[in-house]
Amino acid sequence: MKPVSIPYFTITCILILLFSCSIQKPLDFDKGSSIYENGYVDQPYVVILQDGSWLCTFTTSAKIEGSSGQHIVSMTSRDKGKSWINPIEIESPTGPTASWAMPYITPYGRVYVFYSFNGGNVKTLNGNSIRNDMLGWYCYKFSDDNGLTWSDRYRIPMRKTNADLKNDWNGDVQIFWGIGKPIDHGNYMTLGFTKLGKYMLDLGEGWFFQSDNIQTERNPDNINWVLLPDGMDGVRHPAYGSVQEEFNLVSITEDTLYSVYRTDLGFIAESSSYNRGKSWTLPDSAHYLSGNPLLNPRACPRIWKIDDNKYLIWYHNHGGTGFADRNPGWIAGGRWIDGEMKWSQPIPIIYRQDKSYERGRLSYPDLVKQDGKFWITVTNKEQGIVIKLPKRKIYRQAFKSF
C-alpha cells in the first residue's frame with residue numbers, strides 16, 4: 001500500500017490552517033530552552049529523578065552524525081528544563097563510538113542507560129572506511145548518584161538471528177540501534193531496537209530486550225535478559241521492503257504491547273503482541289478512526305502512554321519517502337479499542353522557521369510528564385531543546401473524537 005503523494009508544502013500549509021482555529025499556533029522550536037548545542041546532538045531523552053530534577057541523556061559529537069568522537073553524555077536540570085548543568089561523559093569521545101542512549105529509572109532510583117557500543121572498534125568493511133556507530137555490542141551503564149558518576153560498562157548478550165547471520169560480517173559483527181526509552185509493564189521492563197541485515201541501513205527488523213528483575217535486582221551480573229520475539233526472525237512485513245526501523249513501544253496491559261516504526265512507504269507501521277513480546281502480529285499501517293493511514297516519511301514516529309488508555313504519537317503527517325521534511329512535528333491521540341489502536345486527527349505541535357535539511361528537521365522527541373504538566377524535548381540534530389506543551393488543549397483536541 002502506498003498513499004497518494006501530495007506536495008509536502010501544500011498539505012502542511014492546508015492542515016496548519018485548518019487546525020489553527022482549534023489549537024494554539026504550533027510552538028516555535030527557537031523559543032524552547034536549549035539543552036545542549038554541538039556539531040551533532042541527537043535523541044535528548046529525559047527521566048525524572050527521585051528528587052524531582054531531570055536527567056537527560058543524548059548522543060553528541062563536535063562533528064556531524066556518524067563521525068569519530070561520537071559519544072553519549074548526561075545533563076541535569078533542577079528547574080524543569082530552563083537551565084542545564086554541564087554535560088557528564090558516560091562514554092569518552094576518544095574511545096570506540098558510543099551512540100543512541102536510552103535512559104531508564106528503576107523504582108528505587110538507579111538510572112540505567114542503554115546504548116550501542118563499537119566494542120570491537122570495527123571501522124572498515126571490505127577494506128573501506130565506514131560509518132561505525134551502529135556496530136558492535138548492546139551495552140549499559142548505571143548511576144546511583146543521579147548521573148554524577150557512571151558505573152563500569154556491561155554488555156547485554158545478544159543472540160545471533162537470521163539478520164545477523166546474513167549480514168556483511170556473517171554475524172561476527174552485529175548492526176543495530178535503538179530509539180525511545182524502555183518501558184515498564186507489570187514486573188517487566190522492555191526496550192525496542194532495530195537490527196539490520198545489511199550494512200548500511202538495509203533489511204531492518206524489530207527486536208526487544210526484556211528483563212523480569214531489573215526493577216529490583218541491584219547486582220548487574222544477576223539481571224535476566226531475554227531477546228524477543230522468540231525464534232530467528234524479528235518484527236517486519238515482507239511486503240514493506242527494506243526500511244522497517246526505529247521500533248518503540250507502549251504497554252496496553254502487562255502482557256499486551258503495541259509498537260510503531262518507520263518505513264519509506266509514506267506511512268507509519270504498527271504491530272502488537274498479546275503474549276508479552278514473545279510473538280507479534282503481522283505489521284499493518286497505523287490508522288485513524290476513519291481507517292486512513294497515518295502518513296509519515298522516513299522519520300521517527302514516537303509513542304507515549306500518558307494516562308489510562310490514552311496515548312500520544314509524534315509524526316510528520318505527510319507521505320514522503322525520504323529523510324527530509326520533518327518540520328513541523330505533529331501529534332495525535334490514541335486509544336486501544338476492541339483489541340487495536342485507533343488514532344484521532346493530527347495536531348501541529350512544533351515548527352521551526354528554518355526548514356533546511358541541515359537545521360530545520362525536527363525529530364527524536366521525548367515527552368516529560370511532571371506535576372500534571374507536559375514538556376517535549378526535540379532536536380534538529382545540532383541542538384536539543386525542551387518546551388512546555390499546552391496540556392489542556394492537547395487533551396481536548398487529541399481525544400475529542402473518542
# chains A, B, ... in the order shown; residues from 1 in each chain; ligands from 1
call {"tool": "closest_atom_pairs", "arguments": {"of": "range 64-133 of chain A", "to": "range 207-224 of chain A", "cutoff": "8 Å", "atoms": "only C-alpha atoms", "output": "JSON lines"}}
result
{"residue": "A:Thr106", "atom": "CA", "partner": "A:Gln215", "partner_atom": "CA", "distance": 5.2}
{"residue": "A:Pro107", "atom": "CA", "partner": "A:Gln215", "partner_atom": "CA", "distance": 6.3}
{"residue": "A:Tyr108", "atom": "CA", "partner": "A:Thr216", "partner_atom": "CA", "distance": 7.6}
call {"tool": "closest_atom_pairs", "arguments": {"of": "range 33-98 of chain A", "to": "range 383-395 of chain A", "cutoff": "12 Å", "atoms": "only C-alpha atoms", "output": "JSON lines"}}
result
{"residue": "A:Ser33", "atom": "CA", "partner": "A:Val386", "partner_atom": "CA", "distance": 5.3}
{"residue": "A:Ser34", "atom": "CA", "partner": "A:Ile385", "partner_atom": "CA", "distance": 4.4}
{"residue": "A:Ile35", "atom": "CA", "partner": "A:Ile385", "partner_atom": "CA", "distance": 5.1}
{"residue": "A:Tyr36", "atom": "CA", "partner": "A:Gly384", "partner_atom": "CA", "distance": 5.5}
{"residue": "A:Glu37", "atom": "CA", "partner": "A:Gln383", "partner_atom": "CA", "distance": 4.2}
{"residue": "A:Asn38", "atom": "CA", "partner": "A:Gln383", "partner_atom": "CA", "distance": 6.5}
{"residue": "A:Gly39", "atom": "CA", "partner": "A:Gln383", "partner_atom": "CA", "distance": 8.4}
{"residue": "A:Tyr40", "atom": "CA", "partner": "A:Gln383", "partner_atom": "CA", "distance": 7.4}
{"residue": "A:Val41", "atom": "CA", "partner": "A:Gln383", "partner_atom": "CA", "distance": 5.6}
{"residue": "A:Asp42", "atom": "CA", "partner": "A:Gly384", "partner_atom": "CA", "distance": 7.1}
{"residue": "A:Gln43", "atom": "CA", "partner": "A:Gly384", "partner_atom": "CA", "distance": 8.0}
{"residue": "A:Pro44", "atom": "CA", "partner": "A:Gly384", "partner_atom": "CA", "distance": 6.3}
{"residue": "A:Tyr45", "atom": "CA", "partner": "A:Gly384", "partner_atom": "CA", "distance": 9.7}
{"residue": "A:Val46", "atom": "CA", "partner": "A:Val386", "partner_atom": "CA", "distance": 10.1}
{"residue": "A:Trp54", "atom": "CA", "partner": "A:Val386", "partner_atom": "CA", "distance": 11.5}
{"residue": "A:Cys56", "atom": "CA", "partner": "A:Gly384", "partner_atom": "CA", "distance": 10.2}
{"residue": "A:Thr57", "atom": "CA", "partner": "A:Gly384", "partner_atom": "CA", "distance": 10.6}
{"residue": "A:Phe58", "atom": "CA", "partner": "A:Gly384", "partner_atom": "CA", "distance": 8.8}
{"residue": "A:Thr59", "atom": "CA", "partner": "A:Gly384", "partner_atom": "CA", "distance": 10.3}
{"residue": "A:Thr60", "atom": "CA", "partner": "A:Gln383", "partner_atom": "CA", "distance": 9.7}
{"residue": "A:Ser61", "atom": "CA", "partner": "A:Gln383", "partner_atom": "CA", "distance": 11.3}
{"residue": "A:Ala62", "atom": "CA", "partner": "A:Gln383", "partner_atom": "CA", "distance": 11.7}
{"residue": "A:Met75", "atom": "CA", "partner": "A:Gly384", "partner_atom": "CA", "distance": 11.5}
{"residue": "A:Ser77", "atom": "CA", "partner": "A:Val386", "partner_atom": "CA", "distance": 11.0}
{"residue": "A:Asp79", "atom": "CA", "partner": "A:Val386", "partner_atom": "CA", "distance": 11.8}
{"residue": "A:Lys80", "atom": "CA", "partner": "A:Val386", "partner_atom": "CA", "distance": 9.1}
{"residue": "A:Gly81", "atom": "CA", "partner": "A:Val386", "partner_atom": "CA", "distance": 6.3}
{"residue": "A:Lys82", "atom": "CA", "partner": "A:Val386", "partner_atom": "CA", "distance": 8.0}
{"residue": "A:Ser83", "atom": "CA", "partner": "A:Val386", "partner_atom": "CA", "distance": 9.9}
{"residue": "A:Trp84", "atom": "CA", "partner": "A:Ile385", "partner_atom": "CA", "distance": 10.7}
call {"tool": "write_last_selection", "arguments": {"atoms": "C-alpha atoms", "output": "short mmCIF file (atom, residue, chain, number, x, y, z; two decimals), in the first residue's frame"}}
result
data_model
loop_
_atom_site.label_atom_id
_atom_site.label_comp_id
_atom_site.auth_asym_id
_atom_site.auth_seq_id
_atom_site.Cartn_x
_atom_site.Cartn_y
_atom_site.Cartn_z
CA SER A 33 15.08 26.22 26.36
CA SER A 34 18.34 24.88 24.98
CA ILE A 35 19.59 21.64 26.49
CA TYR A 36 22.82 21.43 24.50
CA GLU A 37 24.22 22.56 21.16
CA ASN A 38 27.11 20.97 19.28
CA GLY A 39 28.10 19.78 15.83
CA TYR A 40 25.73 16.88 16.42
CA VAL A 41 23.10 16.37 19.14
CA ASP A 42 20.52 13.60 18.96
CA GLN A 43 17.86 11.79 20.97
CA PRO A 44 17.55 14.02 24.08
CA TYR A 45 15.59 11.69 26.37
CA VAL A 46 14.62 12.55 29.95
CA TRP A 54 15.53 15.88 35.34
CA CYS A 56 18.71 13.96 30.07
CA THR A 57 20.90 11.59 28.06
CA PHE A 58 21.82 12.10 24.41
CA THR A 59 24.32 11.32 21.67
CA THR A 60 26.71 14.06 20.62
CA SER A 61 29.83 14.93 18.66
CA ALA A 62 31.75 18.05 17.70
CA MET A 75 22.94 16.52 31.81
CA SER A 77 18.17 20.25 35.20
CA ASP A 79 14.31 23.87 37.20
CA LYS A 80 12.21 21.78 34.79
CA GLY A 81 14.43 22.28 31.78
CA LYS A 82 15.02 26.01 31.97
CA SER A 83 18.75 25.51 32.59
CA TRP A 84 21.11 22.56 32.45
#
call {"tool": "closest_residue", "arguments": {"among": "A:Thr194, A:Thr379, A:Asn292, A:Ser272", "to": "Glu245 in chain A", "atoms": "only C-alpha atoms"}}
result
A:Thr194
call {"tool": "residues_around", "arguments": {"residues": "Ser67 in chain A", "least_positions_apart": "2", "cutoff": "10 Å", "atoms": "only C-alpha atoms", "output": "ChimeraX atom specification"}}
result
/A:40,60-65,69-71,97,130-133
call {"tool": "atom_distance", "arguments": {"atom1": "CA of Tyr115 in chain A", "atom2": "CA of Arg262 in chain A"}}
result
19.9 Å
call {"tool": "select_by_dssp", "arguments": {"residues": "range 146-309 of chain A", "states": "strand (DSSP E or B)", "output": "PyMOL selection string"}}
result
chain A and resi 154-156+175-177+183-185+188-198+202-211+226-228+235+245-251+257-262+267+269-273+284-285+287-288+293+295+302-307
call {"tool": "residues_around", "arguments": {"residues": "Ile306 in chain A", "least_positions_apart": "2", "cutoff": "12 Å", "atoms": "only C-alpha atoms", "output": "mmCIF file with N, CA and C atoms, in the first residue's frame"}}
result
data_model
loop_
_atom_site.group_PDB
_atom_site.id
_atom_site.type_symbol
_atom_site.label_atom_id
_atom_site.label_comp_id
_atom_site.auth_asym_id
_atom_site.auth_seq_id
_atom_site.Cartn_x
_atom_site.Cartn_y
_atom_site.Cartn_z
ATOM 1 N N VAL A 250 4.659 0.944 23.694
ATOM 2 C CA VAL A 250 3.935 1.260 24.917
ATOM 3 C C VAL A 250 3.269 -0.019 25.401
ATOM 4 N N SER A 251 2.896 -0.005 26.675
ATOM 5 C CA SER A 251 2.164 -1.136 27.233
ATOM 6 C C SER A 251 0.666 -0.844 27.202
ATOM 7 N N ILE A 252 -0.097 -1.830 26.813
ATOM 8 C CA ILE A 252 -1.557 -1.770 26.910
ATOM 9 C C ILE A 252 -1.977 -2.439 28.224
ATOM 10 N N ILE A 303 6.022 7.239 20.329
ATOM 11 C CA ILE A 303 4.753 6.984 21.001
ATOM 12 C C ILE A 303 4.943 7.012 22.515
ATOM 13 N N TRP A 304 3.916 7.537 23.233
ATOM 14 C CA TRP A 304 3.943 7.604 24.692
ATOM 15 C C TRP A 304 2.584 7.226 25.255
ATOM 16 N N ASP A 308 -4.458 6.357 31.546
ATOM 17 C CA ASP A 308 -5.139 5.098 31.322
ATOM 18 C C ASP A 308 -5.863 5.122 29.982
ATOM 19 N N ASN A 309 -5.419 4.251 29.080
ATOM 20 C CA ASN A 309 -5.957 4.160 27.719
ATOM 21 C C ASN A 309 -5.943 5.487 26.971
ATOM 22 N N LYS A 310 -4.889 6.265 27.199
ATOM 23 C CA LYS A 310 -4.639 7.488 26.430
ATOM 24 C C LYS A 310 -3.180 7.484 26.001
ATOM 25 N N TYR A 311 -2.969 7.672 24.687
ATOM 26 C CA TYR A 311 -1.632 7.610 24.109
ATOM 27 C C TYR A 311 -1.436 8.794 23.182
ATOM 28 N N LEU A 312 -0.200 9.215 23.016
ATOM 29 C CA LEU A 312 0.146 10.246 22.041
ATOM 30 C C LEU A 312 1.190 9.689 21.091
ATOM 31 N N ILE A 313 1.097 10.092 19.849
ATOM 32 C CA ILE A 313 2.106 9.707 18.855
ATOM 33 C C ILE A 313 2.624 10.968 18.169
ATOM 34 N N GLY A 333 -3.852 11.776 19.252
ATOM 35 C CA GLY A 333 -4.222 10.995 20.424
ATOM 36 C C GLY A 333 -4.727 9.626 20.022
ATOM 37 N N GLY A 334 -4.409 8.622 20.831
ATOM 38 C CA GLY A 334 -4.825 7.267 20.521
ATOM 39 C C GLY A 334 -5.499 6.576 21.686
ATOM 40 N N ARG A 335 -6.351 5.610 21.351
ATOM 41 C CA ARG A 335 -6.980 4.752 22.351
ATOM 42 C C ARG A 335 -7.025 3.316 21.825
ATOM 43 N N LEU A 367 8.645 12.963 25.651
ATOM 44 C CA LEU A 367 7.602 13.643 26.408
ATOM 45 C C LEU A 367 7.938 13.527 27.890
ATOM 46 N N VAL A 368 7.946 14.664 28.574
ATOM 47 C CA VAL A 368 8.224 14.712 30.010
ATOM 48 C C VAL A 368 6.925 15.050 30.728
ATOM 49 N N LYS A 369 6.563 14.220 31.713
ATOM 50 C CA LYS A 369 5.332 14.430 32.485
ATOM 51 C C LYS A 369 5.712 14.619 33.946
ATOM 52 N N GLN A 370 5.299 15.755 34.522
ATOM 53 C CA GLN A 370 5.596 16.025 35.930
ATOM 54 C C GLN A 370 4.601 17.032 36.489
ATOM 55 N N GLY A 372 1.496 17.119 36.775
ATOM 56 C CA GLY A 372 0.324 17.382 35.961
ATOM 57 C C GLY A 372 0.580 18.227 34.730
ATOM 58 N N LYS A 373 1.857 18.423 34.366
ATOM 59 C CA LYS A 373 2.218 19.240 33.204
ATOM 60 C C LYS A 373 3.037 18.408 32.212
ATOM 61 N N PHE A 374 3.054 18.892 30.953
ATOM 62 C CA PHE A 374 3.793 18.228 29.882
ATOM 63 C C PHE A 374 4.863 19.159 29.316
ATOM 64 N N LYS A 391 -1.050 21.391 27.772
ATOM 65 C CA LYS A 391 -1.637 20.086 28.060
ATOM 66 C C LYS A 391 -3.158 20.059 27.902
ATOM 67 N N ILE A 394 -4.163 20.084 24.324
ATOM 68 C CA ILE A 394 -3.801 18.818 23.682
ATOM 69 C C ILE A 394 -4.817 17.740 24.037
ATOM 70 N N TYR A 395 -5.149 17.634 25.329
ATOM 71 C CA TYR A 395 -6.147 16.644 25.739
ATOM 72 C C TYR A 395 -7.479 16.881 25.036
ATOM 73 N N ALA A 398 -6.852 16.150 21.176
ATOM 74 C CA ALA A 398 -6.370 14.822 20.805
ATOM 75 C C ALA A 398 -7.398 13.725 21.050
ATOM 76 N N PHE A 399 -8.302 13.955 22.028
ATOM 77 C CA PHE A 399 -9.222 12.888 22.391
ATOM 78 C C PHE A 399 -10.693 13.249 22.184
#
call {"tool": "residues_around", "arguments": {"residues": "Pro229 in chain A", "least_positions_apart": "6", "cutoff": "6 Å", "atoms": "only C-alpha atoms", "output": "PyMOL selection string"}}
result
chain A and resi 277-279
call {"tool": "write_last_selection", "arguments": {"atoms": "C-alpha atoms", "output": "short mmCIF file (atom, residue, chain, number, x, y, z; two decimals), in the first residue's frame"}}
result
data_model
loop_
_atom_site.label_atom_id
_atom_site.label_comp_id
_atom_site.auth_asym_id
_atom_site.auth_seq_id
_atom_site.Cartn_x
_atom_site.Cartn_y
_atom_site.Cartn_z
CA GLY A 277 6.57 -9.76 23.27
CA LYS A 278 7.14 -13.43 22.51
CA SER A 279 5.33 -13.10 19.18
#
call {"tool": "atom_distance", "arguments": {"atom1": "CA of Asp184 in chain A", "atom2": "CA of Tyr140 in chain A"}}
result
17.3 Å
call {"tool": "residues_around", "arguments": {"residues": "Asn296 in chain A", "least_positions_apart": "2", "cutoff": "12 Å", "atoms": "only C-alpha atoms", "output": "mmCIF file with N, CA and C atoms, in the first residue's frame"}}
result
data_model
loop_
_atom_site.group_PDB
_atom_site.id
_atom_site.type_symbol
_atom_site.label_atom_id
_atom_site.label_comp_id
_atom_site.auth_asym_id
_atom_site.auth_seq_id
_atom_site.Cartn_x
_atom_site.Cartn_y
_atom_site.Cartn_z
ATOM 1 N N LYS A 2 0.645 2.141 -0.912
ATOM 2 C CA LYS A 2 1.407 3.386 -0.985
ATOM 3 C C LYS A 2 0.440 4.539 -1.154
ATOM 4 N N PRO A 3 0.354 5.450 -0.159
ATOM 5 C CA PRO A 3 -0.597 6.570 -0.249
ATOM 6 C C PRO A 3 -0.324 7.465 -1.444
ATOM 7 N N SER A 5 0.649 10.595 -3.343
ATOM 8 C CA SER A 5 1.601 11.637 -2.961
ATOM 9 C C SER A 5 0.988 13.019 -3.157
ATOM 10 N N TYR A 8 4.416 18.208 -0.187
ATOM 11 C CA TYR A 8 4.594 18.397 1.259
ATOM 12 C C TYR A 8 4.227 19.810 1.690
ATOM 13 N N VAL A 260 5.249 0.934 17.211
ATOM 14 C CA VAL A 260 5.208 1.626 15.931
ATOM 15 C C VAL A 260 6.626 1.769 15.404
ATOM 16 N N TYR A 261 6.748 1.941 14.081
ATOM 17 C CA TYR A 261 8.073 2.121 13.490
ATOM 18 C C TYR A 261 7.952 2.807 12.137
ATOM 19 N N ARG A 262 9.097 3.258 11.608
ATOM 20 C CA ARG A 262 9.099 3.998 10.355
ATOM 21 C C ARG A 262 9.336 3.076 9.160
ATOM 22 N N THR A 263 8.806 3.507 8.032
ATOM 23 C CA THR A 263 9.049 2.859 6.746
ATOM 24 C C THR A 263 9.452 3.947 5.746
ATOM 25 N N ASP A 264 9.713 3.543 4.510
ATOM 26 C CA ASP A 264 9.903 4.541 3.446
ATOM 27 C C ASP A 264 8.777 4.440 2.422
ATOM 28 N N LEU A 265 7.602 4.034 2.909
ATOM 29 C CA LEU A 265 6.430 3.895 2.051
ATOM 30 C C LEU A 265 5.426 5.015 2.263
ATOM 31 N N GLY A 266 5.764 5.972 3.144
ATOM 32 C CA GLY A 266 4.880 7.103 3.363
ATOM 33 C C GLY A 266 3.909 6.935 4.506
ATOM 34 N N PHE A 267 4.021 5.857 5.293
ATOM 35 C CA PHE A 267 3.120 5.668 6.417
ATOM 36 C C PHE A 267 3.856 5.027 7.589
ATOM 37 N N ILE A 268 3.259 5.141 8.779
ATOM 38 C CA ILE A 268 3.765 4.501 9.988
ATOM 39 C C ILE A 268 3.259 3.067 10.020
ATOM 40 N N ALA A 269 4.135 2.140 10.400
ATOM 41 C CA ALA A 269 3.727 0.753 10.584
ATOM 42 C C ALA A 269 3.520 0.470 12.066
ATOM 43 N N SER A 285 -0.408 -0.770 8.586
ATOM 44 C CA SER A 285 -0.265 0.677 8.734
ATOM 45 C C SER A 285 -1.069 1.139 9.936
ATOM 46 N N ALA A 286 -0.485 2.028 10.752
ATOM 47 C CA ALA A 286 -1.250 2.658 11.822
ATOM 48 C C ALA A 286 -2.349 3.498 11.186
ATOM 49 N N HIS A 287 -3.527 3.554 11.823
ATOM 50 C CA HIS A 287 -4.645 4.198 11.149
ATOM 51 C C HIS A 287 -5.518 5.005 12.101
ATOM 52 N N PRO A 293 -4.563 5.774 6.812
ATOM 53 C CA PRO A 293 -3.265 5.570 7.468
ATOM 54 C C PRO A 293 -2.664 6.875 7.980
ATOM 55 N N LEU A 294 -1.861 6.777 9.027
ATOM 56 C CA LEU A 294 -1.059 7.915 9.498
ATOM 57 C C LEU A 294 0.133 8.065 8.571
ATOM 58 N N ARG A 298 10.404 8.906 6.077
ATOM 59 C CA ARG A 298 11.390 8.055 6.761
ATOM 60 C C ARG A 298 11.928 8.833 7.955
ATOM 61 N N ALA A 299 11.104 8.917 8.975
ATOM 62 C CA ALA A 299 11.391 9.697 10.172
ATOM 63 C C ALA A 299 10.783 8.979 11.362
ATOM 64 N N CYS A 300 11.352 9.214 12.523
ATOM 65 C CA CYS A 300 10.965 8.510 13.743
ATOM 66 C C CYS A 300 9.540 8.834 14.173
ATOM 67 N N PRO A 301 8.621 7.853 14.209
ATOM 68 C CA PRO A 301 7.349 8.056 14.892
ATOM 69 C C PRO A 301 7.548 7.671 16.355
ATOM 70 N N ARG A 302 7.165 8.535 17.274
ATOM 71 C CA ARG A 302 7.467 8.315 18.700
ATOM 72 C C ARG A 302 6.152 8.228 19.461
ATOM 73 N N ILE A 313 1.097 10.092 19.849
ATOM 74 C CA ILE A 313 2.106 9.707 18.855
ATOM 75 C C ILE A 313 2.624 10.968 18.169
ATOM 76 N N TRP A 314 3.929 11.020 17.968
ATOM 77 C CA TRP A 314 4.607 12.099 17.234
ATOM 78 C C TRP A 314 4.911 11.588 15.829
ATOM 79 N N TYR A 315 4.650 12.429 14.840
ATOM 80 C CA TYR A 315 4.956 12.065 13.453
ATOM 81 C C TYR A 315 4.943 13.335 12.619
ATOM 82 N N HIS A 316 4.974 13.190 11.277
ATOM 83 C CA HIS A 316 5.125 14.373 10.428
ATOM 84 C C HIS A 316 4.001 14.560 9.414
ATOM 85 N N ASN A 317 3.043 13.664 9.380
ATOM 86 C CA ASN A 317 1.764 13.922 8.723
ATOM 87 C C ASN A 317 1.868 14.230 7.229
ATOM 88 N N HIS A 318 2.784 13.564 6.549
ATOM 89 C CA HIS A 318 2.799 13.626 5.078
ATOM 90 C C HIS A 318 3.446 12.350 4.558
ATOM 91 N N GLY A 319 3.153 12.022 3.319
ATOM 92 C CA GLY A 319 3.556 10.745 2.756
ATOM 93 C C GLY A 319 4.875 10.755 2.038
ATOM 94 N N GLY A 320 5.853 11.528 2.517
ATOM 95 C CA GLY A 320 7.179 11.483 1.921
ATOM 96 C C GLY A 320 7.838 10.138 2.131
ATOM 97 N N THR A 321 8.907 9.888 1.395
ATOM 98 C CA THR A 321 9.574 8.584 1.499
ATOM 99 C C THR A 321 11.032 8.699 1.907
ATOM 100 N N GLY A 322 11.544 9.932 2.071
ATOM 101 C CA GLY A 322 12.952 10.115 2.403
ATOM 102 C C GLY A 322 13.151 10.673 3.795
ATOM 103 N N PHE A 323 14.380 11.149 4.047
ATOM 104 C CA PHE A 323 14.756 11.665 5.363
ATOM 105 C C PHE A 323 14.380 13.140 5.548
ATOM 106 N N ALA A 324 13.928 13.798 4.506
ATOM 107 C CA ALA A 324 13.666 15.238 4.566
ATOM 108 C C ALA A 324 12.277 15.531 5.136
ATOM 109 N N ASP A 325 11.977 16.845 5.272
ATOM 110 C CA ASP A 325 10.632 17.331 5.599
ATOM 111 C C ASP A 325 10.119 16.799 6.936
ATOM 112 N N ARG A 326 10.905 17.092 7.986
ATOM 113 C CA ARG A 326 10.493 16.736 9.356
ATOM 114 C C ARG A 326 10.082 17.986 10.138
ATOM 115 N N ASN A 327 9.481 18.905 9.460
ATOM 116 C CA ASN A 327 9.114 20.185 10.049
ATOM 117 C C ASN A 327 7.823 20.647 9.386
ATOM 118 N N PRO A 328 6.740 20.777 10.173
ATOM 119 C CA PRO A 328 6.630 20.696 11.624
ATOM 120 C C PRO A 328 6.500 19.271 12.146
ATOM 121 N N GLY A 329 6.453 19.172 13.493
ATOM 122 C CA GLY A 329 6.098 17.928 14.139
ATOM 123 C C GLY A 329 4.624 17.958 14.527
ATOM 124 N N TRP A 330 3.955 16.820 14.373
ATOM 125 C CA TRP A 330 2.525 16.705 14.670
ATOM 126 C C TRP A 330 2.319 15.643 15.755
ATOM 127 N N ILE A 331 1.177 15.703 16.439
ATOM 128 C CA ILE A 331 0.793 14.647 17.349
ATOM 129 C C ILE A 331 -0.654 14.254 17.087
ATOM 130 N N PRO A 346 -4.722 14.714 13.349
ATOM 131 C CA PRO A 346 -3.419 15.299 13.719
ATOM 132 C C PRO A 346 -3.515 16.742 14.208
#
call {"tool": "residues_around", "arguments": {"residues": "Asp51 in chain A", "least_positions_apart": "4", "cutoff": "10 Å", "atoms": "only C-alpha atoms", "output": "PDB file with C-alpha atoms, in the first residue's frame"}}
result
ATOM      1  CA  ARG A  78      16.791  21.333  38.578  1.00  0.00           C
ATOM      2  CA  GLY A 109      16.141   5.424  41.858  1.00  0.00           C
ATOM      3  CA  ASN A 146      21.652  10.935  39.871  1.00  0.00           C
TER       4      ASN A 146
END
call {"tool": "closest_residue", "arguments": {"among": "A:Trp375, A:Pro157, A:Glu382, A:Ser344", "to": "Gly360 in chain A", "atoms": "only C-alpha atoms"}}
result
A:Glu382
